[in-house]
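Listing of structure28.tsv, TSV, C-alpha atoms
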chain	number	residue	atom	x	y	z
A	192	MET	CA	40.04	21.41	15.50
A	193	ALA	CA	40.77	17.81	16.37
A	194	ALA	CA	37.69	15.84	17.25
A	195	LEU	CA	37.89	13.70	20.31
A	196	GLY	CA	41.20	13.90	22.16
A	197	GLN	CA	43.50	10.91	22.01
A	198	HIS	CA	43.08	10.52	25.73
A	199	ALA	CA	39.36	10.01	25.33
A	200	VAL	CA	39.88	7.64	22.42
A	201	SER	CA	42.18	5.40	24.40
A	202	LYS	CA	39.69	5.34	27.26
A	203	VAL	CA	36.99	4.29	24.87
A	204	LYS	CA	39.22	1.56	23.52
A	205	ASN	CA	39.94	0.22	27.01
A	206	ALA	CA	36.30	0.17	27.97
A	207	GLU	CA	35.21	-1.39	24.69
A	208	SER	CA	33.56	-4.54	25.97
A	209	GLN	CA	31.68	-2.62	28.66
A	210	LEU	CA	30.54	-0.06	26.09
A	211	VAL	CA	29.31	-2.78	23.76
A	212	GLN	CA	27.38	-4.38	26.58
A	213	GLU	CA	25.66	-1.15	27.60
A	214	TRP	CA	25.04	-0.27	23.98
A	215	ILE	CA	23.30	-3.58	23.26
A	216	ALA	CA	21.25	-3.14	26.43
A	217	ALA	CA	20.17	0.32	25.24
A	218	LEU	CA	19.35	-1.06	21.79
A	219	GLU	CA	17.24	-3.84	23.27
A	220	ALA	CA	15.44	-1.40	25.54
A	221	SER	CA	14.49	0.74	22.55
A	222	GLY	CA	13.28	-2.27	20.59
A	223	GLY	CA	15.85	-1.66	17.87
A	224	THR	CA	17.02	-5.28	17.90
A	225	ARG	CA	13.85	-6.75	16.42
A	226	ASN	CA	14.62	-9.31	13.70
A	227	VAL	CA	18.36	-8.96	14.36
A	228	LYS	CA	20.16	-12.05	15.63
A	229	GLY	CA	22.06	-11.69	18.92
A	230	ASP	CA	25.42	-12.78	17.47
A	231	GLU	CA	25.04	-10.50	14.50
A	232	LEU	CA	24.22	-7.55	16.73
A	233	LYS	CA	27.26	-8.25	18.91
A	234	ALA	CA	29.53	-8.48	15.87
A	235	ASP	CA	28.05	-5.32	14.36
A	236	THR	CA	28.41	-3.26	17.53
A	237	ARG	CA	31.97	-4.46	18.16
A	238	GLU	CA	33.04	-3.84	14.59
A	239	PHE	CA	31.52	-0.37	14.54
A	240	LEU	CA	33.20	0.62	17.80
A	241	GLN	CA	36.56	-0.62	16.53
A	242	LEU	CA	36.08	1.26	13.28
A	243	ILE	CA	35.34	4.58	14.94
A	244	THR	CA	38.15	4.25	17.48
A	245	SER	CA	40.67	3.47	14.75
A	246	SER	CA	39.37	6.39	12.66
A	247	LEU	CA	39.66	8.68	15.66
A	248	GLU	CA	43.15	7.38	16.41
A	249	ASN	CA	44.12	8.39	12.90
A	250	GLY	CA	43.09	11.90	13.81
A	251	ALA	CA	39.79	12.03	11.98
A	252	GLY	CA	37.57	15.03	12.66
A	253	THR	CA	33.81	15.14	12.99
A	254	ALA	CA	33.44	15.68	9.24
A	255	ILE	CA	32.52	12.16	8.24
A	256	GLY	CA	33.10	12.92	4.57
A	257	ALA	CA	36.85	12.69	5.26
A	258	ALA	CA	38.95	9.82	3.95
A	259	GLN	CA	39.62	8.48	7.47
A	260	TRP	CA	35.94	7.68	7.81
A	261	GLU	CA	35.77	5.67	4.59
A	262	ASP	CA	35.64	2.26	6.35
A	263	THR	CA	33.05	3.43	8.86
A	264	ARG	CA	30.87	4.87	6.11
A	265	GLN	CA	31.03	1.64	4.16
A	266	PHE	CA	30.15	-0.33	7.27
A	267	LEU	CA	27.13	1.88	7.93
A	268	GLU	CA	25.98	1.67	4.34
A	269	ARG	CA	26.10	-2.12	4.50
A	270	LEU	CA	24.27	-2.07	7.82
A	271	SER	CA	21.54	0.25	6.52
A	272	ARG	CA	20.97	-1.91	3.47
A	273	ASN	CA	20.72	-5.05	5.59
A	274	ARG	CA	18.32	-3.40	8.01
A	275	ALA	CA	16.17	-2.07	5.18
A	276	GLN	CA	15.90	-5.57	3.76
A	277	MET	CA	14.98	-6.91	7.21
A	278	GLY	CA	12.06	-4.49	7.16
A	279	GLN	CA	13.28	-2.17	9.91
A	280	ASP	CA	12.22	1.43	9.60
A	281	SER	CA	14.61	4.35	9.33
A	282	SER	CA	14.34	5.37	12.99
A	283	GLN	CA	15.23	1.87	14.13
A	284	THR	CA	18.23	1.90	11.84
A	285	ALA	CA	19.42	5.32	13.00
A	286	ASN	CA	18.84	4.21	16.56
A	287	PHE	CA	21.71	1.78	16.11
A	288	ILE	CA	24.01	4.81	16.30
A	289	PHE	CA	22.04	6.94	18.72
A	290	ALA	CA	21.78	4.17	21.32
A	291	LEU	CA	25.57	4.34	21.67
A	292	LYS	CA	25.38	7.97	22.75
A	293	GLY	CA	24.20	7.20	26.30
A	294	PRO	CA	26.95	4.72	27.26
A	295	PHE	CA	29.56	6.77	25.38
A	296	PHE	CA	28.65	10.01	27.14
A	297	ALA	CA	28.54	8.24	30.49
A	298	LEU	CA	32.08	7.01	29.91
A	299	LEU	CA	33.33	10.48	28.97
A	300	GLN	CA	31.60	11.94	31.99
A	301	LYS	CA	33.36	9.47	34.27
A	302	GLU	CA	36.77	10.06	32.73
A	303	PHE	CA	36.64	13.84	32.59
A	304	ALA	CA	34.69	14.47	35.80
A	305	SER	CA	37.49	16.66	37.13
A	306	GLU	CA	37.81	18.77	33.97
A	307	PRO	CA	34.36	20.17	33.18
A	308	GLN	CA	35.55	22.40	30.34
A	309	LEU	CA	37.28	19.55	28.55
A	310	LEU	CA	34.28	17.32	29.21
A	311	ALA	CA	31.90	19.81	27.60
A	312	GLU	CA	34.15	20.12	24.57
A	313	GLN	CA	34.51	16.36	24.19
A	314	LEU	CA	30.77	15.82	24.62
A	315	LEU	CA	30.01	18.37	21.92
A	316	GLN	CA	32.47	16.74	19.54
A	317	ALA	CA	31.13	13.25	20.24
A	318	SER	CA	27.56	14.47	19.80
A	319	GLU	CA	28.35	16.07	16.44
A	320	LEU	CA	30.06	12.90	15.31
A	321	PHE	CA	27.17	10.65	16.28
A	322	ASP	CA	24.61	12.94	14.68
A	323	ALA	CA	26.56	12.96	11.43
A	324	LEU	CA	26.90	9.17	11.48
A	325	GLY	CA	23.22	8.75	12.31
A	326	LEU	CA	22.19	11.01	9.44
A	327	HIS	CA	24.43	9.04	7.14
A	328	THR	CA	22.61	5.80	8.02
A	329	ILE	CA	19.25	7.45	7.40
A	330	ARG	CA	20.38	8.75	4.02
A	331	THR	CA	21.67	5.33	3.02
A	332	TYR	CA	18.59	3.66	4.42
A	333	GLN	CA	16.38	5.97	2.36
A	334	ALA	CA	18.37	5.26	-0.78
A	335	SER	CA	18.20	1.50	-0.35
A	336	ARG	CA	14.50	1.72	0.50
A	337	GLU	CA	13.86	3.66	-2.68
A	338	ALA	CA	15.78	1.00	-4.59
A	339	VAL	CA	13.50	-1.66	-3.08
A	340	ILE	CA	10.39	0.31	-4.10
A	341	ARG	CA	11.72	0.83	-7.63
A	342	ARG	CA	12.41	-2.87	-7.97
A	343	GLN	CA	8.94	-3.75	-6.75
A	344	GLN	CA	7.37	-1.31	-9.18
A	345	GLU	CA	9.30	-2.87	-12.02
A	346	GLU	CA	8.26	-6.34	-10.89
A	347	LEU	CA	4.64	-5.18	-10.74
A	348	LEU	CA	4.81	-3.91	-14.28
A	349	GLU	CA	6.18	-7.24	-15.39
A	350	LEU	CA	3.43	-9.00	-13.49
A	351	SER	CA	0.80	-6.91	-15.18
A	352	THR	CA	-1.61	-9.15	-16.94
A	353	PRO	CA	-0.40	-10.86	-20.08
A	354	VAL	CA	-2.71	-11.60	-22.97
A	355	VAL	CA	-2.62	-15.35	-23.49
A	356	LYS	CA	-3.66	-17.40	-26.48
A	357	LEU	CA	-5.95	-20.26	-25.45
A	358	TRP	CA	-6.69	-21.63	-28.90
A	359	ASP	CA	-6.36	-20.57	-32.48
A	360	GLY	CA	-8.59	-17.49	-32.59
A	361	VAL	CA	-9.24	-17.36	-28.83
A	362	LEU	CA	-7.42	-14.88	-26.58
A	363	ALA	CA	-7.74	-14.63	-22.82
A	364	LEU	CA	-6.94	-11.74	-20.49
A	365	PRO	CA	-6.79	-12.79	-16.84
A	366	MET	CA	-7.27	-9.56	-14.88
A	367	ILE	CA	-5.84	-9.41	-11.36
A	368	GLY	CA	-6.22	-6.82	-8.60
A	369	THR	CA	-7.46	-3.29	-8.88
A	370	LEU	CA	-9.03	-2.40	-12.20
A	371	ASP	CA	-9.47	1.32	-11.71
A	372	SER	CA	-5.86	2.28	-12.30
A	373	GLN	CA	-4.13	3.48	-15.40
A	374	ARG	CA	-2.75	-0.02	-15.69
A	375	THR	CA	-6.18	-1.15	-16.89
A	376	GLN	CA	-6.03	1.20	-19.83
A	377	VAL	CA	-2.64	-0.19	-20.89
A	378	VAL	CA	-3.80	-3.78	-20.50
A	379	MET	CA	-6.97	-3.18	-22.49
A	380	GLU	CA	-5.03	-1.51	-25.27
A	381	SER	CA	-2.64	-4.43	-25.45
A	382	LEU	CA	-5.61	-6.81	-25.72
A	383	LEU	CA	-7.03	-4.84	-28.65
A	384	GLN	CA	-3.62	-4.86	-30.34
A	385	ARG	CA	-3.23	-8.61	-29.84
A	386	ILE	CA	-6.65	-9.19	-31.40
A	387	VAL	CA	-5.44	-7.41	-34.53
A	388	ASP	CA	-2.04	-9.14	-34.53
A	389	THR	CA	-3.44	-12.65	-34.16
A	390	GLY	CA	-6.66	-12.18	-36.07
A	391	SER	CA	-8.57	-13.64	-33.14
A	392	GLU	CA	-12.35	-13.88	-33.20
A	393	ILE	CA	-13.03	-14.28	-29.50
A	394	ALA	CA	-11.51	-12.55	-26.50
A	395	ILE	CA	-12.20	-13.74	-22.95
A	396	ILE	CA	-11.70	-11.27	-20.10
A	397	ASP	CA	-11.42	-13.19	-16.85
A	398	ILE	CA	-12.21	-11.18	-13.71
A	399	THR	CA	-11.78	-13.99	-11.17
A	400	GLY	CA	-8.85	-12.09	-9.66
A	401	VAL	CA	-10.73	-8.80	-9.36
A	402	PRO	CA	-12.16	-8.50	-5.83
A	403	THR	CA	-14.47	-5.53	-6.41
A	404	VAL	CA	-16.52	-4.72	-9.49
A	405	ASP	CA	-17.88	-1.22	-9.07
A	406	THR	CA	-19.26	1.23	-11.64
A	407	LEU	CA	-15.83	2.40	-12.78
A	408	VAL	CA	-14.62	-1.16	-13.35
A	409	ALA	CA	-17.86	-1.95	-15.16
A	410	GLN	CA	-17.41	1.14	-17.31
A	411	HIS	CA	-13.90	0.01	-18.26
A	412	LEU	CA	-15.22	-3.45	-19.12
A	413	LEU	CA	-18.14	-2.11	-21.16
A	414	LYS	CA	-15.87	0.21	-23.13
A	415	THR	CA	-13.50	-2.64	-23.89
A	416	VAL	CA	-16.33	-4.94	-24.95
A	417	THR	CA	-17.63	-2.23	-27.28
A	418	ALA	CA	-14.18	-1.66	-28.76
A	419	ILE	CA	-13.65	-5.38	-29.30
A	420	ARG	CA	-17.01	-5.64	-31.07
A	421	LEU	CA	-16.18	-2.68	-33.28
A	422	MET	CA	-13.15	-4.63	-34.40
A	423	GLY	CA	-15.40	-7.48	-35.44
A	424	ALA	CA	-14.50	-9.84	-32.63
A	425	ASP	CA	-16.59	-11.19	-29.77
A	426	CYS	CA	-15.99	-10.80	-26.07
A	427	ILE	CA	-16.86	-13.05	-23.15
A	428	ILE	CA	-16.44	-11.95	-19.53
A	429	SER	CA	-15.73	-14.85	-17.20
A	430	GLY	CA	-15.18	-15.14	-13.47
A	431	VAL	CA	-18.49	-13.56	-12.43
A	432	ARG	CA	-18.87	-15.09	-8.96
A	433	PRO	CA	-22.20	-15.15	-7.07
A	434	GLN	CA	-21.35	-12.19	-4.82
A	435	ILE	CA	-20.17	-10.14	-7.82
A	436	ALA	CA	-23.34	-10.99	-9.74
A	437	GLN	CA	-25.54	-9.85	-6.83
A	438	THR	CA	-23.55	-6.66	-6.40
A	439	ILE	CA	-23.88	-5.84	-10.09
A	440	VAL	CA	-27.67	-6.29	-9.85
A	441	HIS	CA	-27.92	-3.97	-6.83
A	442	LEU	CA	-25.69	-1.38	-8.42
A	443	GLY	CA	-28.10	-1.33	-11.32
A	444	LEU	CA	-25.42	-2.01	-13.92
A	445	ASP	CA	-26.73	-3.01	-17.30
A	446	LEU	CA	-24.52	-5.77	-18.68
A	447	GLN	CA	-27.22	-7.07	-21.00
A	448	GLY	CA	-25.78	-7.85	-24.36
A	449	VAL	CA	-22.48	-8.82	-22.78
A	450	VAL	CA	-21.86	-12.54	-22.64
A	451	THR	CA	-20.79	-13.51	-19.13
A	452	LYS	CA	-19.80	-16.82	-17.59
A	453	ALA	CA	-19.11	-17.96	-14.03
A	454	ASN	CA	-15.69	-19.35	-14.80
A	455	LEU	CA	-13.00	-19.48	-17.47
A	456	ALA	CA	-13.69	-23.13	-18.38
A	457	ASP	CA	-17.30	-22.34	-19.30
A	458	ALA	CA	-16.15	-19.35	-21.33
A	459	LEU	CA	-13.63	-21.47	-23.22
A	460	ALA	CA	-16.24	-24.15	-23.88
A	461	LEU	CA	-18.57	-21.49	-25.29
A	462	ALA	CA	-15.77	-20.07	-27.45
A	463	MET	CA	-15.01	-23.55	-28.80
A	464	ARG	CA	-18.66	-24.14	-29.66
A	465	ARG	CA	-18.78	-20.86	-31.53
A	466	LEU	CA	-15.69	-21.80	-33.49
A	467	GLY	CA	-17.24	-25.16	-34.29
A	468	VAL	CA	-14.55	-27.09	-32.47
A	469	THR	CA	-15.70	-30.28	-30.77
A	470	PHE	CA	-13.79	-32.49	-28.40
A	471	THR	CA	-14.12	-36.24	-27.92
A	472	LYS	CA	-12.54	-38.38	-25.26
A	473	ALA	CA	-9.79	-40.66	-26.58
A	474	GLN	CA	-10.88	-44.30	-26.55
B	907	MET	CA	-26.46	1.16	20.52
B	908	ASN	CA	-22.78	0.90	21.46
B	909	VAL	CA	-19.75	1.91	19.46
B	910	ARG	CA	-17.29	-0.93	19.85
B	911	SER	CA	-14.42	0.72	18.00
B	912	SER	CA	-13.87	3.54	15.56
B	913	GLY	CA	-11.24	5.17	13.40
B	914	SER	CA	-10.55	7.32	10.40
B	915	GLN	CA	-8.88	6.97	7.03
B	916	PRO	CA	-7.82	9.69	4.55
B	917	VAL	CA	-9.36	9.65	1.07
B	918	ARG	CA	-7.33	12.05	-1.05
B	919	VAL	CA	-5.61	10.24	-3.92
B	920	GLU	CA	-6.47	7.22	-6.05
B	921	GLN	CA	-4.33	4.98	-3.83
B	922	ASP	CA	-6.51	5.97	-0.84
B	923	VAL	CA	-9.59	4.56	-2.57
B	924	VAL	CA	-7.82	1.21	-2.74
B	925	MET	CA	-6.83	1.57	0.93
B	926	ALA	CA	-10.41	2.49	1.91
B	927	ARG	CA	-11.63	-0.69	0.23
B	928	GLN	CA	-9.02	-2.79	2.00
B	929	VAL	CA	-9.72	-1.22	5.40
B	930	SER	CA	-13.48	-1.69	5.07
B	931	ARG	CA	-13.01	-5.26	3.84
B	932	LYS	CA	-10.94	-6.02	6.94
B	933	LEU	CA	-13.49	-4.34	9.23
B	934	ALA	CA	-16.38	-6.20	7.62
B	935	GLN	CA	-14.53	-9.46	8.14
B	936	ASP	CA	-13.99	-8.55	11.79
B	937	CYS	CA	-17.75	-7.97	12.10
B	938	GLY	CA	-18.31	-11.49	10.80
B	939	MET	CA	-20.09	-10.35	7.64
B	940	ARG	CA	-20.98	-12.93	5.02
B	941	LEU	CA	-19.09	-12.83	1.72
B	942	ILE	CA	-22.02	-11.43	-0.23
B	943	ASP	CA	-22.73	-8.64	2.29
B	944	LEU	CA	-19.03	-7.92	2.48
B	945	THR	CA	-18.70	-7.62	-1.29
B	946	LYS	CA	-21.71	-5.31	-1.44
B	947	LEU	CA	-20.35	-3.08	1.31
B	948	VAL	CA	-16.86	-2.91	-0.18
B	949	THR	CA	-18.35	-2.01	-3.57
B	950	ALA	CA	-20.38	0.80	-1.95
B	951	VAL	CA	-17.21	2.01	-0.22
B	952	SER	CA	-15.43	2.00	-3.57
B	953	GLU	CA	-18.14	4.19	-5.12
B	954	LEU	CA	-18.38	6.65	-2.25
B	955	ALA	CA	-14.63	6.91	-1.66
B	956	ARG	CA	-14.12	7.69	-5.33
B	957	ASN	CA	-16.87	10.31	-5.20
B	958	THR	CA	-15.14	11.88	-2.19
B	959	MET	CA	-11.86	11.97	-4.05
B	960	VAL	CA	-13.09	13.03	-7.51
B	961	TYR	CA	-16.05	15.32	-6.79
B	962	GLY	CA	-15.31	16.36	-3.18
B	963	GLY	CA	-11.67	17.14	-3.84
B	964	GLY	CA	-10.55	14.67	-1.15
B	965	GLY	CA	-11.74	14.04	2.38
B	966	ASP	CA	-11.89	11.33	5.01
B	967	MET	CA	-13.63	8.07	5.76
B	968	ASP	CA	-14.67	7.58	9.40
B	969	TRP	CA	-15.62	4.09	10.52
B	970	GLN	CA	-17.46	2.70	13.51
B	971	ILE	CA	-18.22	-0.86	14.53
B	972	LEU	CA	-21.61	-0.85	16.24
B	973	ASP	CA	-23.34	-3.22	18.68
B	974	ASP	CA	-27.11	-3.07	18.78
B	975	ASN	CA	-29.16	-5.70	20.61
B	976	GLY	CA	-26.96	-8.57	19.57
B	977	ARG	CA	-26.40	-7.52	15.98
B	978	THR	CA	-23.15	-6.04	14.72
B	979	GLY	CA	-22.88	-3.35	12.12
B	980	LEU	CA	-20.31	-1.33	10.29
B	981	ARG	CA	-21.02	2.39	9.82
B	982	LEU	CA	-18.90	4.43	7.44
B	983	THR	CA	-19.02	8.17	6.91
B	984	PHE	CA	-17.44	9.80	3.88
B	985	ARG	CA	-16.97	13.50	4.37
B	986	ASP	CA	-15.40	16.20	2.25
B	987	GLU	CA	-15.25	19.97	2.21
B	988	GLY	CA	-15.95	20.13	-1.49
B	989	PRO	CA	-18.59	22.09	-3.46
B	990	GLY	CA	-21.50	19.97	-2.18
B	991	ILE	CA	-24.43	18.71	-4.25
B	992	PRO	CA	-26.86	21.45	-5.43
B	993	ASP	CA	-29.72	19.14	-6.44
B	994	ILE	CA	-29.98	16.02	-4.28
B	995	LYS	CA	-32.99	14.66	-6.15
B	996	LEU	CA	-31.13	14.85	-9.43
B	997	ALA	CA	-28.00	13.32	-7.90
B	998	MET	CA	-30.09	10.41	-6.63
B	999	THR	CA	-31.38	9.65	-10.13
B	1000	ASP	CA	-30.09	6.50	-11.82
B	1001	GLY	CA	-27.93	7.30	-14.79
B	1002	TRP	CA	-27.39	10.98	-14.06
B	1003	THR	CA	-23.78	12.06	-13.66
B	1004	SER	CA	-22.04	15.40	-13.31
B	1005	GLY	CA	-18.80	13.74	-14.40
B	1006	GLY	CA	-18.03	11.07	-16.96
B	1007	GLY	CA	-19.20	8.03	-15.01
B	1008	LEU	CA	-22.19	5.76	-15.42
B	1009	GLY	CA	-24.25	7.77	-12.92
B	1010	LEU	CA	-24.94	4.74	-10.77
B	1011	GLY	CA	-22.41	5.22	-7.97
B	1012	LEU	CA	-24.51	7.12	-5.43
B	1013	THR	CA	-27.80	5.35	-6.11
B	1014	GLY	CA	-26.06	1.99	-6.45
B	1015	ALA	CA	-24.29	2.48	-3.11
B	1016	LYS	CA	-27.65	3.23	-1.50
B	1017	ARG	CA	-29.06	-0.07	-2.78
B	1018	LEU	CA	-26.02	-2.00	-1.55
B	1019	VAL	CA	-26.36	-1.06	2.14
B	1020	ASP	CA	-29.02	-1.14	4.88
B	1021	GLU	CA	-28.93	2.51	5.87
B	1022	PHE	CA	-27.95	5.46	3.72
B	1023	GLU	CA	-27.84	9.10	4.70
B	1024	LEU	CA	-26.81	12.00	2.49
B	1025	ASP	CA	-26.09	15.36	4.09
B	1026	THR	CA	-24.99	18.08	1.70
B	1027	ALA	CA	-25.51	21.67	0.69
B	1028	PRO	CA	-23.89	23.84	-1.99
B	1029	GLY	CA	-20.57	25.09	-0.64
B	1030	ALA	CA	-20.90	23.13	2.59
B	1031	GLY	CA	-19.27	19.86	1.59
B	1032	THR	CA	-20.84	16.43	1.51
B	1033	ARG	CA	-21.31	13.73	4.14
B	1034	VAL	CA	-22.53	10.29	3.17
B	1035	THR	CA	-23.14	7.78	5.96
B	1036	ILE	CA	-23.79	4.13	5.22
B	1037	THR	CA	-24.45	1.25	7.60
B	1038	ARG	CA	-24.56	-2.45	6.98
B	1039	TRP	CA	-25.75	-4.86	9.67
B	1040	THR	CA	-24.75	-8.50	9.90

Go ahead and express the file in the form of structure tokens.
Amino acid sequence: MAALGQHAVSKVKNAESQLVQEWIAALEASGGTRNVKGDELKADTREFLQLITSSLENGAGTAIGAAQWEDTRQFLERLSRNRAQMGQDSSQTANFIFALKGPFFALLQKEFASEPQLLAEQLLQASELFDALGLHTIRTYQASREAVIRRQQEELLELSTPVVKLWDGVLALPMIGTLDSQRTQVVMESLLQRIVDTGSEIAIIDITGVPTVDTLVAQHLLKTVTAIRLMGADCIISGVRPQIAQTIVHLGLDLQGVVTKANLADALALAMRRLGVTFTKAQ
Amino acid sequence: MNVRSSGSQPVRVEQDVVMARQVSRKLAQDCGMRLIDLTKLVTAVSELARNTMVYGGGGDMDWQILDDNGRTGLRLTFRDEGPGIPDIKLAMTDGWTSGGGLGLGLTGAKRLVDEFELDTAPGAGTRVTITRWT
């Protein structure tokens, strides 16, 4: 069954600029144009309309998997990706297609007012087509969104705290963010490994970038300190700010026996003293 | 005492504990809480939200911003439909834990806030309500 009749397609083609205008108005009314530049939107809508009319002229059906729809599909995929990157949600992206339904149906209604049976058939076909195209944008949107999430996860892993060497025999681990995740375990293990690899005597764990120190975080820290000691090295925890210190007291955490410092500089100075390294200002 | 605004937040998976902390941090800032009070409250939220998730099998955190004779407060209720706590006295003992923690979460949270209310019974779930005034 042919999709939209050639008669309808030619009508659509003739009324293109009017359709585009009404379409953009509908898009703006639904708030789907947020973050999209006016010129860009105009170009997108015009291009899309031209693509579907030319596909329909070539006798394409409502099955958008067909070869005639190749260009349209590619256009929609590009559009979805762009919209995903702009931070639009999937409904806003799909709305790009669905907002055309109103003006499009109104046009068909006007043209086929005298032939109700034909009108119903054409409306059904057009509806099926738009639904399929809309679904396609959502699928593509989802895929590109998942790609964004995957990339961010990978970036996060790369961001995850490196163990840095501050001095011969002194390692530092600047912790950032939430400490109660599995990430902590990995980071702590890598610190222990680096202590062995470098033969370091002192490890400094800096918690300046950790907003909340609760019992679970403290437990992680205590376990790490114990493990470091068992390996014959010493551990200093730095970055204990006033509000964190007060919270630890109220929680009733016992950090006695753990050397703590308010900031990383103090911790490094202490480490240097323990190593017997002294600094003098150059004359 | 007036309730200025209120809302709810799910506490079901580990990520929700992080969200609960962020939400309460934002609310405490809106109340004009000082950094130290804010840190204490957020730490208490962290303890209680994790208890809700780990021991209560997941639940919700309800929040209310309160006005009372010129002072502002943040009230948070952690509720779950879990097994409940059979021995409240034991649960409120420093260092006692039914899991693998330090046993300081519940008692520590109580010390970090102004008002603390524990409502639980075996098989009837657990509700912990905390309030911190500015």

Selected residue of minimal separation from Ile439 of chain A among B:Val923, B:Ala950, B:Met967, B:Met939, counting only C-alpha atoms: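 Ranked by minimum distance to Ile439 of chain A, first place goes to B:Ala950.
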
Atom pair atom CA of Lys204 of chain A / atom CA of Phe296 of chain A: separation (Å):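 Interatomic distance here is 14.0 Å.
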
All residues 9 Å or closer to Ile994 of chain B, all atoms listed in the file, same chain fewer than 5 positions away omitted, as a list in words: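 Counting all atoms listed in the file, the residues come to Thr999, Leu1024, Thr1026 and Ala1027 of chain B.
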
For chain B, the nearest of the candidates A:Cys426, A:Leu413, A:Leu461, A:Leu383, counting only C-alpha atoms: A:Leu413

Residue nearest chain B - candidates A:Gly390, A:Gly368, A:Gly423, A:Gly400, atoms counted: all atoms listed in the file: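 Smallest distance to chain B is found for A:Gly368.
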
Test item: which residues lie within 12 Å of (43.3, 10.2, 17.3) counting only C-alpha atoms, as JSON, numbers by chain: {"A": [192, 193, 194, 195, 196, 197, 198, 199, 200, 201, 202, 203, 204, 243, 244, 245, 246, 247, 248, 249, 250, 251, 252, 253, 259]}
